[in-house]
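K.L.:
Sharing a structure with you now.
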2 protein chains.
Amino acid sequence: MPQACLVNGQSHTTIELADRGLQYGDGLFTTIAIQQGQALFWEAHMQRLQSGCQRLNLVPPNLSLLQHESQFLLDKLAQTSVNDAVLKILITRGQGGRGYCPPQRRHNTRILSLYPWPEYPLAYWHAGIETILCRTQLAINPSLAGIKHLNRLENVLASHECAQHNVAEGILCDSHGMPVCGTKSNLFLRCGENLITPALDHCGVAGVLRDVIIRLAGELGIKVMLGTVGRAQLLAANEVFLTNSIIGLWPVKKIDQTNYQVGALTRKLMSELFTRFGFNSMKRMLCAD
Amino acid sequence: MPQACLVNGQSHTTIELADRGLQYGDGLFTTIAIQQGQALFWEAHMQRLQSGCQRLNLVPPNLSLLQHESQFLLDKLAQTSVNDAVLKILITRGQGGRGYCPPQRRHNTRILSLYPWPEYPLAYWHAGIETILCRTQLAINPSLAGIKHLNRLENVLASHECAQHNVAEGILCDSHGMPVCGTKSNLFLRCGENLITPALDHCGVAGVLRDVIIRLAGELGIKVMLGTVGRAQLLAANEVFLTNSIIGLWPVKKIDQTNYQVGALTRKLMSELFTRFGFNSMKRMLCAD
C-alpha cells in the first residue's frame, strides 16, 4: 500500500471509476528509487515519461509540476525516520471519450504514490538470483514496444509463474521465442568480450537503468551490442544480469537448469553503479567504503 | 460518465489507487445491452466473465451477487423514464501482491456501472458504415487471446485512427497482417455460400454477439467457418459486417477504397437478431413490426 499519494496535486487515495487508466490501461508510469531522500535518475525518468506520452498521444506532463509534487511527498518522507522509498508516477489519459476513442479535449490524470522501499535478500546481489524462462510470452507490437505503459497483464502472468517456481525473477521471450527481458527488469549478457542486451523495438520496456548500464559500460571501455538474442546464446553466455531502477543490478546464477558464475564484469558494473550514482543504501550493503 | 455505479456492492464512483486494475490493467470486463429494462444475453456474458477469470487466474465472481447488484442498478433505471442503457461489469484482481506478482490471498474488485445508451446514426444499420484498415496491429498472444481484458491500448490507438479518418469503426489486423476484428466489434464476411469469421486463438476478443451470430446462422442453415482470413479475401468478400453486444450488427459498406453492397444475408441476420433476441429499440427502429 502506498504511504502517501497525490492525484492531480490533491491528497487522494482513490481515482474516478471513469478514468481511462482503469477502464483500458490507457496510460503509462515510471518507478523511481528514492535513496536518502533523493530521487535517482530523475531526468532520465522524466525524459522517458515525456517520450512515452508522445508515442501514446498523451499530453506530456508539466515537469516542474511533477518535480514540485514529488518534492512535497519527499518532504513528508523526511519527517519520518525513513530515507529510502519508491516513488511511482502514473499518467493516464483521464476521463472522457467515446468508448476506446480518446477524448478530443486532452486532459491527463497524474498520480504520484510513495511506497516503502522493498526488502530483498542481500544474497540476490552477492550470490545472484535463480530465474526461469517463463512460458508466458511477450507479444510483438512495435506501436507499444519500449513504453512502460499500463497494459501489463503479460508481466502479471509471468510473475505468477515465478512465484509458482519460487524464483526471484523470470525471463520473458517474445512470441518468436527470443529472450527480451525480465518480468520487471532488463536483461544483459556477456558473451566473450561483448556485453549484449536485447533490442526493444518489438516488445519489452526500455528501462532507465538499462540506459545507465549501457552508458556506464561505454565509459569503462566495454562494447555494448543491442540486437536479437537467441535462447541458445543466452544459455551459453559467460555472465548474465538483470537491471531495474529499484534493484539496480542482480547477477543471474541460474536460468532453469543452466548455472552461471557471477563474473568480474557483473561485479565491476554493480560496484560502479552503486558507487557513482547515489545508490547509497546499496553501496553500504554491498561495497567496501 | 456512468449514471450509477457499485463497487463491491457499495455506491461509489471511485476506486482505490492501489487497485491492480489501474496499476496493471489486471482484470477484465463485459458490456451488456439493457433494452426496455432487460439485460440481453445475460448468461452468455456471465459465462464469458467466468471463463476469462479462469484463464487469468482470477477468483470467478459470485454470479447471484452480480445478478442482484445488476438488478439494483436496473431498478434505479426503472425509476427514470429511460429504458435502455449499457451495463458494464468490470472485475479486477483487487489490491495487493508484490509489484506485478498477484497476491496469494485472492480477492477481486467488482465494479458495475450503468451508462446511457449510445446514440448512433440510423444509417449505420440501414446503409452500413465506412471503415478503414487500421495501421495499429493486434499483437499475437495466445495467453490473452479472446479475453475481454483491461489491456486495451491497441484498441485505444486504433480508435484514434478511426476518429482521425472520421469513420465509425476500423478493422484491426494481427502482426502478420491478417484481419481479426473491429476496434470494438467482431468481423464477419460472406464469401460465396460461406459465412466466415476470424479465429480468435492468437488475438482479439471473443464477443458475445459473435457467438450469437454463429448460432443464429447455423439455425438458418448457413455454414459458418472459423479460421484465418486474408486481407485479399476480406477485400474480395461479397458481404461484410461487424457485431457487438450494443450495436448488434452493422453492415460494412466501405473498407478504405473498397465498396460493398449491404447484402441479403446481412439484412436477414440483422432482422432475425433484432426480432428474436429482445433488441426491442432496434427492432422498432429497423424492422417492420
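Ordering of the C-alpha cells sets the chain letters (A, B, ...), residue numbers begin anew at 1 in every chain, and ligands are numbered from 1 in the order given.
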May I ask you to extract the residues of chain B within 6 Å of chain A, using only C-alpha atoms, and to give them as a list of chain:residue names?
P.N.:
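Taking only C-alpha atoms into account, B:Thr13, B:Thr14, B:Ile15, B:Glu16, B:Leu17, B:Gly21, B:Leu22, B:Tyr24, B:Gly25, B:Asp26, B:Tyr100, B:Cys101, B:Ala139, B:Ile140, B:Asn141, B:Leu150, B:Asn151, B:Arg152, B:Leu153, B:Val156, B:Ser159, B:His160 sit within 6 Å of chain A.
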K.L.:
Return the single residue from B:Leu195, B:Ile171, B:Val82, B:Ala4 that is closest to Gly218 of chain B, with distances computed using only C-alpha atoms.
P.N.:
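Looking at the shortest contact to Gly218 of chain B, the residue is B:Leu195.
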K.L.:
Find the residue from B:Lys88, B:Arg93, B:Lys253, B:Arg190 that sits nearest to Ala236 of chain B; use only C-alpha atoms when measuring.
P.N.:
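Ranked by minimum distance to Ala236 of chain B, first place goes to B:Arg190.
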K.L.:
Write out, as a Markdown table, each residue of segment 97-158 of chain B that has an atom at most 10 Å from segment 255-261 of chain B, together with the closest pair of atoms and their distance in Å to one decimal, counting only C-alpha atoms, rows going by chain and rising number.
P.N.:
| residue | atom | partner | partner_atom | distance |
| --- | --- | --- | --- | --- |
| B:Ala127 | CA | B:Gln261 | CA | 8.9 |
| B:Gly128 | CA | B:Gln261 | CA | 8.8 |
| B:Ile129 | CA | B:Ile255 | CA | 8.9 |
| B:Glu130 | CA | B:Ile255 | CA | 6.3 |
| B:Thr131 | CA | B:Ile255 | CA | 4.8 |
| B:Ile132 | CA | B:Asp256 | CA | 4.8 |
| B:Leu133 | CA | B:Asp256 | CA | 6.6 |
| B:Cys134 | CA | B:Asp256 | CA | 9.5 |
K.L.:
Could you take the residues named above and write them with N, CA and C atoms, as a compact mmCIF listing (two decimals), in the first residue's frame?
P.N.:
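Full text of part.txt as output:
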# COMPACT_ATOMS: atom_id res chain seq x y z
N ALA B 127 -27.72 1.71 -44.14
CA ALA B 127 -26.84 1.84 -45.31
C ALA B 127 -25.47 1.22 -45.07
N GLY B 128 -25.16 0.96 -43.79
CA GLY B 128 -23.84 0.40 -43.45
C GLY B 128 -22.85 1.50 -43.12
N ILE B 129 -21.68 1.09 -42.66
CA ILE B 129 -20.67 2.06 -42.20
C ILE B 129 -19.44 2.04 -43.10
N GLU B 130 -18.76 3.17 -43.09
CA GLU B 130 -17.44 3.26 -43.73
C GLU B 130 -16.38 2.91 -42.70
N THR B 131 -15.40 2.13 -43.10
CA THR B 131 -14.34 1.71 -42.17
C THR B 131 -12.97 1.87 -42.83
N ILE B 132 -11.97 1.70 -42.03
CA ILE B 132 -10.59 1.67 -42.54
C ILE B 132 -9.92 0.40 -42.03
N LEU B 133 -8.87 -0.01 -42.70
CA LEU B 133 -7.94 -0.99 -42.12
C LEU B 133 -6.94 -0.18 -41.29
N CYS B 134 -6.92 -0.41 -39.99
CA CYS B 134 -6.08 0.40 -39.10
C CYS B 134 -4.60 0.06 -39.28
K.L.:
Can you tell me, as a PyMOL selection string, which residues in segment 34-80 of chain A count as alpha helix (DSSP H) by DSSP?
P.N.:
chain A and resi 42-55+63-78
K.L.:
Find the distance between atom CA of Asn108 of chain B and atom CA of Thr31 of chain B and write it in Å to one decimal.
P.N.:
18.3 Å
K.L.:
Hey, what does DSSP flag as strand (DSSP E or B) within segment 14-224 of chain A? Can you give it to me as a PDB file with N, CA and C atoms, in the first residue's frame?
P.N.:
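Everything below was put into part_4.pdb:
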ATOM      1  N   THR A  14      -7.846   7.620  -3.915  1.00  0.00           N
ATOM      2  CA  THR A  14      -8.742   6.980  -4.884  1.00  0.00           C
ATOM      3  C   THR A  14      -8.709   7.730  -6.213  1.00  0.00           C
ATOM      4  N   ILE A  15      -9.279   7.084  -7.210  1.00  0.00           N
ATOM      5  CA  ILE A  15      -9.388   7.686  -8.545  1.00  0.00           C
ATOM      6  C   ILE A  15     -10.791   7.402  -9.063  1.00  0.00           C
ATOM      7  N   GLU A  16     -11.282   8.276  -9.952  1.00  0.00           N
ATOM      8  CA  GLU A  16     -12.620   8.084 -10.524  1.00  0.00           C
ATOM      9  C   GLU A  16     -12.700   6.771 -11.310  1.00  0.00           C
ATOM     10  N   GLY A  27      -2.567   4.591 -20.312  1.00  0.00           N
ATOM     11  CA  GLY A  27      -1.616   5.482 -19.666  1.00  0.00           C
ATOM     12  C   GLY A  27      -0.280   4.796 -19.503  1.00  0.00           C
ATOM     13  N   LEU A  28       0.588   5.419 -18.723  1.00  0.00           N
ATOM     14  CA  LEU A  28       1.928   4.865 -18.515  1.00  0.00           C
ATOM     15  C   LEU A  28       2.453   5.256 -17.138  1.00  0.00           C
ATOM     16  N   PHE A  29       3.619   4.728 -16.774  1.00  0.00           N
ATOM     17  CA  PHE A  29       4.153   5.028 -15.450  1.00  0.00           C
ATOM     18  C   PHE A  29       5.659   4.908 -15.445  1.00  0.00           C
ATOM     19  N   THR A  30       6.232   5.373 -14.338  1.00  0.00           N
ATOM     20  CA  THR A  30       7.647   5.146 -14.099  1.00  0.00           C
ATOM     21  C   THR A  30       7.843   4.969 -12.596  1.00  0.00           C
ATOM     22  N   THR A  31       8.901   4.243 -12.230  1.00  0.00           N
ATOM     23  CA  THR A  31       9.139   3.874 -10.840  1.00  0.00           C
ATOM     24  C   THR A  31      10.540   4.341 -10.466  1.00  0.00           C
ATOM     25  N   ILE A  32      10.622   5.239  -9.497  1.00  0.00           N
ATOM     26  CA  ILE A  32      11.869   5.951  -9.207  1.00  0.00           C
ATOM     27  C   ILE A  32      12.394   5.563  -7.824  1.00  0.00           C
ATOM     28  N   ALA A  33      13.676   5.237  -7.743  1.00  0.00           N
ATOM     29  CA  ALA A  33      14.291   4.937  -6.444  1.00  0.00           C
ATOM     30  C   ALA A  33      14.516   6.235  -5.674  1.00  0.00           C
ATOM     31  N   ILE A  34      14.083   6.255  -4.417  1.00  0.00           N
ATOM     32  CA  ILE A  34      14.401   7.354  -3.507  1.00  0.00           C
ATOM     33  C   ILE A  34      15.425   6.806  -2.519  1.00  0.00           C
ATOM     34  N   GLN A  35      16.634   7.363  -2.570  1.00  0.00           N
ATOM     35  CA  GLN A  35      17.705   6.897  -1.674  1.00  0.00           C
ATOM     36  C   GLN A  35      18.175   8.098  -0.864  1.00  0.00           C
ATOM     37  N   GLN A  38      16.674  11.365  -1.859  1.00  0.00           N
ATOM     38  CA  GLN A  38      16.914  11.892  -3.201  1.00  0.00           C
ATOM     39  C   GLN A  38      16.370  10.938  -4.274  1.00  0.00           C
ATOM     40  N   ALA A  39      15.737  11.528  -5.293  1.00  0.00           N
ATOM     41  CA  ALA A  39      15.259  10.736  -6.434  1.00  0.00           C
ATOM     42  C   ALA A  39      16.434  10.448  -7.365  1.00  0.00           C
ATOM     43  N   ALA A  85      12.691   5.025  -0.315  1.00  0.00           N
ATOM     44  CA  ALA A  85      11.313   4.737  -0.715  1.00  0.00           C
ATOM     45  C   ALA A  85      11.272   4.543  -2.222  1.00  0.00           C
ATOM     46  N   VAL A  86      10.101   4.210  -2.714  1.00  0.00           N
ATOM     47  CA  VAL A  86       9.880   4.100  -4.153  1.00  0.00           C
ATOM     48  C   VAL A  86       8.803   5.111  -4.535  1.00  0.00           C
ATOM     49  N   LEU A  87       9.102   5.947  -5.490  1.00  0.00           N
ATOM     50  CA  LEU A  87       8.133   6.923  -5.990  1.00  0.00           C
ATOM     51  C   LEU A  87       7.623   6.429  -7.344  1.00  0.00           C
ATOM     52  N   LYS A  88       6.320   6.229  -7.412  1.00  0.00           N
ATOM     53  CA  LYS A  88       5.717   5.780  -8.678  1.00  0.00           C
ATOM     54  C   LYS A  88       4.906   6.936  -9.255  1.00  0.00           C
ATOM     55  N   ILE A  89       5.201   7.293 -10.475  1.00  0.00           N
ATOM     56  CA  ILE A  89       4.443   8.347 -11.155  1.00  0.00           C
ATOM     57  C   ILE A  89       3.680   7.706 -12.300  1.00  0.00           C
ATOM     58  N   LEU A  90       2.362   7.928 -12.280  1.00  0.00           N
ATOM     59  CA  LEU A  90       1.476   7.278 -13.230  1.00  0.00           C
ATOM     60  C   LEU A  90       0.681   8.373 -13.946  1.00  0.00           C
ATOM     61  N   ILE A  91       0.666   8.319 -15.261  1.00  0.00           N
ATOM     62  CA  ILE A  91      -0.058   9.312 -16.064  1.00  0.00           C
ATOM     63  C   ILE A  91      -1.112   8.572 -16.882  1.00  0.00           C
ATOM     64  N   THR A  92      -2.382   8.961 -16.736  1.00  0.00           N
ATOM     65  CA  THR A  92      -3.417   8.341 -17.573  1.00  0.00           C
ATOM     66  C   THR A  92      -4.027   9.391 -18.499  1.00  0.00           C
ATOM     67  N   ARG A  98     -15.353   8.492 -26.344  1.00  0.00           N
ATOM     68  CA  ARG A  98     -16.457   7.564 -26.608  1.00  0.00           C
ATOM     69  C   ARG A  98     -15.867   6.169 -26.652  1.00  0.00           C
ATOM     70  N   CYS A 101     -12.257   5.322 -27.911  1.00  0.00           N
ATOM     71  CA  CYS A 101     -11.738   6.508 -28.612  1.00  0.00           C
ATOM     72  C   CYS A 101     -11.391   7.625 -27.626  1.00  0.00           C
ATOM     73  N   THR A 109      -4.667  12.509 -16.142  1.00  0.00           N
ATOM     74  CA  THR A 109      -4.649  12.365 -14.683  1.00  0.00           C
ATOM     75  C   THR A 109      -3.213  12.029 -14.301  1.00  0.00           C
ATOM     76  N   ARG A 110      -2.683  12.711 -13.304  1.00  0.00           N
ATOM     77  CA  ARG A 110      -1.331  12.363 -12.833  1.00  0.00           C
ATOM     78  C   ARG A 110      -1.427  11.908 -11.379  1.00  0.00           C
ATOM     79  N   ILE A 111      -0.775  10.781 -11.131  1.00  0.00           N
ATOM     80  CA  ILE A 111      -0.858  10.137  -9.817  1.00  0.00           C
ATOM     81  C   ILE A 111       0.554   9.893  -9.322  1.00  0.00           C
ATOM     82  N   LEU A 112       0.873  10.441  -8.165  1.00  0.00           N
ATOM     83  CA  LEU A 112       2.183  10.196  -7.555  1.00  0.00           C
ATOM     84  C   LEU A 112       1.954   9.407  -6.274  1.00  0.00           C
ATOM     85  N   SER A 113       2.638   8.294  -6.118  1.00  0.00           N
ATOM     86  CA  SER A 113       2.480   7.468  -4.908  1.00  0.00           C
ATOM     87  C   SER A 113       3.850   7.111  -4.365  1.00  0.00           C
ATOM     88  N   LEU A 114       3.970   7.196  -3.053  1.00  0.00           N
ATOM     89  CA  LEU A 114       5.221   6.841  -2.382  1.00  0.00           C
ATOM     90  C   LEU A 114       5.023   5.504  -1.678  1.00  0.00           C
ATOM     91  N   TYR A 115       5.873   4.537  -2.012  1.00  0.00           N
ATOM     92  CA  TYR A 115       5.776   3.179  -1.446  1.00  0.00           C
ATOM     93  C   TYR A 115       6.998   2.904  -0.574  1.00  0.00           C
ATOM     94  N   PRO A 116       6.867   1.998   0.392  1.00  0.00           N
ATOM     95  CA  PRO A 116       8.044   1.601   1.178  1.00  0.00           C
ATOM     96  C   PRO A 116       9.110   0.980   0.278  1.00  0.00           C
ATOM     97  N   ILE A 129      20.709 -14.446  -8.483  1.00  0.00           N
ATOM     98  CA  ILE A 129      19.357 -14.997  -8.326  1.00  0.00           C
ATOM     99  C   ILE A 129      19.131 -16.189  -9.257  1.00  0.00           C
ATOM    100  N   GLU A 130      18.192 -17.021  -8.825  1.00  0.00           N
ATOM    101  CA  GLU A 130      17.718 -18.106  -9.691  1.00  0.00           C
ATOM    102  C   GLU A 130      16.522 -17.590 -10.486  1.00  0.00           C
ATOM    103  N   THR A 131      16.496 -17.952 -11.746  1.00  0.00           N
ATOM    104  CA  THR A 131      15.410 -17.495 -12.612  1.00  0.00           C
ATOM    105  C   THR A 131      14.878 -18.652 -13.452  1.00  0.00           C
ATOM    106  N   ILE A 132      13.781 -18.369 -14.112  1.00  0.00           N
ATOM    107  CA  ILE A 132      13.234 -19.329 -15.086  1.00  0.00           C
ATOM    108  C   ILE A 132      13.018 -18.611 -16.423  1.00  0.00           C
ATOM    109  N   LEU A 133      12.936 -19.373 -17.475  1.00  0.00           N
ATOM    110  CA  LEU A 133      12.393 -18.854 -18.740  1.00  0.00           C
ATOM    111  C   LEU A 133      10.880 -19.046 -18.656  1.00  0.00           C
ATOM    112  N   CYS A 134      10.150 -17.958 -18.660  1.00  0.00           N
ATOM    113  CA  CYS A 134       8.699 -18.045 -18.458  1.00  0.00           C
ATOM    114  C   CYS A 134       8.016 -18.638 -19.685  1.00  0.00           C
ATOM    115  N   ARG A 135       6.910 -19.306 -19.448  1.00  0.00           N
ATOM    116  CA  ARG A 135       6.078 -19.795 -20.558  1.00  0.00           C
ATOM    117  C   ARG A 135       5.292 -18.641 -21.198  1.00  0.00           C
ATOM    118  N   THR A 136       4.864 -17.696 -20.350  1.00  0.00           N
ATOM    119  CA  THR A 136       4.170 -16.509 -20.870  1.00  0.00           C
ATOM    120  C   THR A 136       5.102 -15.790 -21.830  1.00  0.00           C
ATOM    121  N   GLN A 137       4.599 -15.433 -22.988  1.00  0.00           N
ATOM    122  CA  GLN A 137       5.423 -14.757 -23.985  1.00  0.00           C
ATOM    123  C   GLN A 137       5.056 -13.277 -24.091  1.00  0.00           C
ATOM    124  N   LEU A 138       6.009 -12.489 -24.561  1.00  0.00           N
ATOM    125  CA  LEU A 138       5.745 -11.083 -24.865  1.00  0.00           C
ATOM    126  C   LEU A 138       5.252 -10.989 -26.302  1.00  0.00           C
ATOM    127  N   GLY A 146       8.788  -0.805 -25.837  1.00  0.00           N
ATOM    128  CA  GLY A 146       9.664   0.127 -25.138  1.00  0.00           C
ATOM    129  C   GLY A 146       8.947   0.997 -24.121  1.00  0.00           C
ATOM    130  N   HIS A 149       3.944   1.263 -20.339  1.00  0.00           N
ATOM    131  CA  HIS A 149       2.511   1.578 -20.308  1.00  0.00           C
ATOM    132  C   HIS A 149       1.787   0.723 -19.274  1.00  0.00           C
ATOM    133  N   GLU A 169      12.913 -13.880 -10.099  1.00  0.00           N
ATOM    134  CA  GLU A 169      12.622 -13.200 -11.362  1.00  0.00           C
ATOM    135  C   GLU A 169      12.539 -14.238 -12.471  1.00  0.00           C
ATOM    136  N   GLY A 170      11.860 -13.873 -13.555  1.00  0.00           N
ATOM    137  CA  GLY A 170      11.746 -14.760 -14.700  1.00  0.00           C
ATOM    138  C   GLY A 170      12.113 -14.007 -15.954  1.00  0.00           C
ATOM    139  N   ILE A 171      12.572 -14.734 -16.961  1.00  0.00           N
ATOM    140  CA  ILE A 171      12.965 -14.114 -18.222  1.00  0.00           C
ATOM    141  C   ILE A 171      11.893 -14.401 -19.263  1.00  0.00           C
ATOM    142  N   LEU A 172      11.478 -13.324 -19.932  1.00  0.00           N
ATOM    143  CA  LEU A 172      10.404 -13.424 -20.913  1.00  0.00           C
ATOM    144  C   LEU A 172      10.975 -13.467 -22.322  1.00  0.00           C
ATOM    145  N   CYS A 173      10.443 -14.367 -23.131  1.00  0.00           N
ATOM    146  CA  CYS A 173      10.790 -14.415 -24.548  1.00  0.00           C
ATOM    147  C   CYS A 173       9.632 -13.816 -25.345  1.00  0.00           C
ATOM    148  N   ASP A 174       9.951 -13.305 -26.536  1.00  0.00           N
ATOM    149  CA  ASP A 174       8.885 -12.821 -27.406  1.00  0.00           C
ATOM    150  C   ASP A 174       8.205 -14.006 -28.080  1.00  0.00           C
ATOM    151  N   PRO A 179      14.647 -14.350 -26.113  1.00  0.00           N
ATOM    152  CA  PRO A 179      14.662 -13.684 -24.806  1.00  0.00           C
ATOM    153  C   PRO A 179      14.706 -12.161 -24.971  1.00  0.00           C
ATOM    154  N   VAL A 180      13.901 -11.448 -24.161  1.00  0.00           N
ATOM    155  CA  VAL A 180      13.797  -9.991 -24.297  1.00  0.00           C
ATOM    156  C   VAL A 180      14.143  -9.265 -23.000  1.00  0.00           C
ATOM    157  N   CYS A 181      13.616  -9.739 -21.874  1.00  0.00           N
ATOM    158  CA  CYS A 181      13.796  -9.006 -20.612  1.00  0.00           C
ATOM    159  C   CYS A 181      13.272  -9.864 -19.465  1.00  0.00           C
ATOM    160  N   GLY A 182      13.416  -9.369 -18.238  1.00  0.00           N
ATOM    161  CA  GLY A 182      12.796  -9.996 -17.081  1.00  0.00           C
ATOM    162  C   GLY A 182      11.371  -9.498 -16.930  1.00  0.00           C
ATOM    163  N   ASN A 186      15.498  -5.431 -17.085  1.00  0.00           N
ATOM    164  CA  ASN A 186      16.117  -5.618 -18.398  1.00  0.00           C
ATOM    165  C   ASN A 186      17.253  -6.616 -18.288  1.00  0.00           C
ATOM    166  N   LEU A 187      17.566  -7.219 -19.412  1.00  0.00           N
ATOM    167  CA  LEU A 187      18.475  -8.362 -19.484  1.00  0.00           C
ATOM    168  C   LEU A 187      19.783  -7.975 -20.171  1.00  0.00           C
ATOM    169  N   PHE A 188      20.893  -8.361 -19.554  1.00  0.00           N
ATOM    170  CA  PHE A 188      22.223  -8.189 -20.167  1.00  0.00           C
ATOM    171  C   PHE A 188      22.948  -9.524 -20.125  1.00  0.00           C
ATOM    172  N   LEU A 189      23.769  -9.790 -21.135  1.00  0.00           N
ATOM    173  CA  LEU A 189      24.613 -10.979 -21.090  1.00  0.00           C
ATOM    174  C   LEU A 189      25.995 -10.644 -21.641  1.00  0.00           C
ATOM    175  N   ARG A 190      26.983 -11.250 -21.054  1.00  0.00           N
ATOM    176  CA  ARG A 190      28.339 -11.134 -21.602  1.00  0.00           C
ATOM    177  C   ARG A 190      28.648 -12.397 -22.382  1.00  0.00           C
ATOM    178  N   CYS A 191      29.026 -12.183 -23.642  1.00  0.00           N
ATOM    179  CA  CYS A 191      29.470 -13.287 -24.490  1.00  0.00           C
ATOM    180  C   CYS A 191      30.870 -12.916 -24.941  1.00  0.00           C
ATOM    181  N   ASN A 194      32.019  -9.082 -25.400  1.00  0.00           N
ATOM    182  CA  ASN A 194      30.887  -8.172 -25.622  1.00  0.00           C
ATOM    183  C   ASN A 194      29.816  -8.272 -24.552  1.00  0.00           C
ATOM    184  N   LEU A 195      29.254  -7.102 -24.251  1.00  0.00           N
ATOM    185  CA  LEU A 195      28.052  -7.055 -23.433  1.00  0.00           C
ATOM    186  C   LEU A 195      26.883  -6.867 -24.402  1.00  0.00           C
ATOM    187  N   ILE A 196      25.856  -7.685 -24.238  1.00  0.00           N
ATOM    188  CA  ILE A 196      24.723  -7.661 -25.177  1.00  0.00           C
ATOM    189  C   ILE A 196      23.444  -7.452 -24.395  1.00  0.00           C
ATOM    190  N   THR A 197      22.561  -6.631 -24.948  1.00  0.00           N
ATOM    191  CA  THR A 197      21.212  -6.519 -24.367  1.00  0.00           C
ATOM    192  C   THR A 197      20.212  -6.539 -25.520  1.00  0.00           C
ATOM    193  N   PRO A 198      19.083  -7.233 -25.336  1.00  0.00           N
ATOM    194  CA  PRO A 198      18.116  -7.342 -26.435  1.00  0.00           C
ATOM    195  C   PRO A 198      17.603  -5.966 -26.876  1.00  0.00           C
ATOM    196  N   VAL A 205      10.132  -3.279 -22.156  1.00  0.00           N
ATOM    197  CA  VAL A 205      10.147  -1.919 -21.607  1.00  0.00           C
ATOM    198  C   VAL A 205      11.587  -1.416 -21.623  1.00  0.00           C
ATOM    199  N   VAL A 224      28.985  -2.449 -26.017  1.00  0.00           N
ATOM    200  CA  VAL A 224      27.637  -2.961 -25.774  1.00  0.00           C
ATOM    201  C   VAL A 224      26.924  -3.120 -27.103  1.00  0.00           C
TER     202      VAL A 224
END
K.L.:
When you look at Phe41 of chain A with a cut-off of 9 Å (counting only C-alpha atoms), what residues show up, excluding the ones that are within fewer than 3 positions of it in the same chain? I need them as a list in words.
P.N.:
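Final neighbour list, sorted by chain and number: Ile32, Ala33, Ala44, His45, Met46, Val208, Leu209, Val212, Ser245 and Phe277 of chain A.
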K.L.:
Convert the current residue selection to file output with C-alpha atoms, as a short mmCIF file (atom, residue, chain, number, x, y, z; two decimals), in the first residue's frame.
P.N.:
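Everything below was put into result_19.cif:
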data_model
loop_
_atom_site.label_atom_id
_atom_site.label_comp_id
_atom_site.auth_asym_id
_atom_site.auth_seq_id
_atom_site.Cartn_x
_atom_site.Cartn_y
_atom_site.Cartn_z
CA ILE A 32 11.87 5.95 -9.21
CA ALA A 33 14.29 4.94 -6.44
CA ALA A 44 16.02 10.14 -17.28
CA HIS A 45 12.67 9.14 -15.75
CA MET A 46 11.13 12.44 -16.86
CA VAL A 208 16.03 3.77 -17.23
CA LEU A 209 18.70 1.57 -15.61
CA VAL A 212 22.52 3.83 -17.37
CA SER A 245 15.66 1.31 -11.18
CA PHE A 277 25.02 7.11 -8.87
#
